[in-house]
Amino acid sequence: MFNKDRWKEILEVLTSNWFRTVLTAFGVFWGILILIILLAAGKGLENGIKSDFGDIATNTMFMWTRNTTKPYKGLPKGRHFNFKVDDVQSIKDNIPNLRFVSPRNRLSGFSGGNNVVRGINVGAYNVYGDYPEIIKQEPMAITSGRFINYSDINEKKKIAIIGEGVKTGLYTKEEKVLGTYIKIRGISFLVVGTYKKISNDGDGEEAQKEIYVPFTAFSQAFNRGDNVGWMAITANDGSSISNLKERIVTLVKENRKVHPDDKRAVGNFDLYEQYNRVESLFGAMRFIAYFVGVLVLLSGIIGVSNIMLIVVKERTKEIGIRRALGEDPWSIKLQILMESIFLTIISGMAGITFGALFIYGINKMLDINGPVDMFINPSVSIGVVVAALMILIVSGLLAGFIPAQSAIKTKPIYALRAE
């Protein structure tokens, strides 16, 4: 392998008919390039769609109430009901493997006009009554101050954490935010923190226009009593919320006296199920990308093998002379295999290089022009590149094996007669 004369001979053979060599190498080059581009495009699309989930805990379900569709225990059909605070504790006590059970209430900022006032500034913002755990289910970056804690919950403190969009709408750039008061539906809340969320559309303007207050203070201030508007429920790592969902829904139906067969009374959205569907979709896309890329690469490898057969045929007399002079058959076989591997690896590395430059160019364009919806950071992992190199080495061996076997099977006396 480290024989200078051997490598000189390899270069002479491959450059003796450079046009044929380039055409042969192009098949491998194109195959590996297509494989990398397909995988990068799939990864970019996967990143874009997964960004819709943001940083939210994906092993989570959301649950809310709707009107009943069946009478039950003397209660009429079409009855509206609410979850209660007791339901939260009931779920925690009776359903295992749950990490968070967060009751939530909300004042909509879009149905009732301007609902938040600070001085002469007014705005319409969604206001949520929450527990401290919600920041782990729906992560956000606290940009100043703090988030809700259990002291706020237990003491029903009227404090608020506002989004950067709320801050922009109600305050000037020079104004101090922490320690000031805002009025929500005429009730004063002390601002103790600000936050920022990141979404797939950059800053996520609407996500910044929300206000979080302690659940207990919300219930007291806006006369919600022990009602719960909806719940965010997250399972422990290693447990699927999808497997626990039916038990949770059955439990709250029993607590709220809802018919067990009433499928519409309790609405839910299983984020984990949706996330798994996305994972399955992109798993299939990766398989298709590998399948198509490998087939294109295989066609290139077959081309290399065919050309090596022609090269061996052209060198029949040379091989006969080398055999007659006593050269070991394995040395001749090694020569053919090295030529095949060298051609395959060089053309494959060129494909990998062009693929990397193509991906770099696309990412530069995305950086300059901004992210495209559902297409973010197309890339290929280093593991894929290493695997591609291994495939190229094995492919080179396979492409050269048949020509090499053909070369050493020819008897020297017949090879010397060849013209």
# chains A, B, ... in the order shown; residues from 1 in each chain; ligands from 1
>>> residues_around(residues="segment 252-269 of chain A", least_positions_apart="5", cutoff="9 Å", atoms="only C-alpha atoms", output="ChimeraX atom specification")
/A:60-73,75,80-84,87,90-91,245,247,274
>>> residues_around(residues="Asp152 of chain A", least_positions_apart="3", cutoff="12 Å", atoms="only C-alpha atoms", output="VMD selection string")
chain A and resid 129 to 132 146 to 149 155 to 161 190 192 212 to 218
>>> atom_distance(atom1="atom CA of Gly383 of chain A", atom2="atom CA of Tyr290 of chain A")
13.7 Å
>>> select_by_dssp(residues="segment 125-344 of chain A", states="strand (DSSP E)", output="number ranges by chain")
A: 126-130, 141-145, 159-163, 181-184, 187-196, 210-214, 227-228, 230-235, 266-270
>>> residues_around(residues="Ile391 of chain A", least_positions_apart="3", cutoff="12 Å", atoms="only C-alpha atoms", output="JSON, numbers by chain")
{"A": [28, 31, 32, 293, 294, 297, 298, 301, 341, 344, 345, 348, 349, 384, 385, 386, 387, 388, 394, 395, 396, 397, 398, 399]}
>>> closest_residue(among="A:Val304, A:Ala356, A:Leu389, A:Phe100", to="Arg20 of chain A", atoms="only C-alpha atoms")
A:Val304
>>> closest_atom_pairs(of="segment 160-196 of chain A", to="segment 101-125 of chain A", cutoff="7 Å", atoms="only C-alpha atoms", output="CSV")
residue,atom,partner,partner_atom,distance
A:Leu170,CA,A:Asn121,CA,5.4
A:Ile182,CA,A:Arg118,CA,5.0
A:Lys183,CA,A:Val117,CA,5.0
A:Ile184,CA,A:Val116,CA,4.7
A:Arg185,CA,A:Asn115,CA,5.4
>>> atom_distance(atom1="atom CA of Trp30 of chain A", atom2="atom CA of Phe375 of chain A")
23.9 Å
>>> closest_residue(among="A:Asp270, A:Pro403, A:Gly179, A:Ile352", to="Ile382 of chain A", atoms="only C-alpha atoms")
A:Ile352
>>> closest_residue(among="A:Gln137, A:Asn154, A:Asn363, A:Asn223", to="Ile187 of chain A", atoms="only C-alpha atoms")
A:Asn223
>>> atom_distance(atom1="atom CA of Gly300 of chain A", atom2="atom CA of Ile362 of chain A")
26.1 Å
>>> closest_residue(among="A:Thr194, A:Pro139, A:Ile393, A:Ala289", to="Leu35 of chain A", atoms="only C-alpha atoms")
A:Ala289
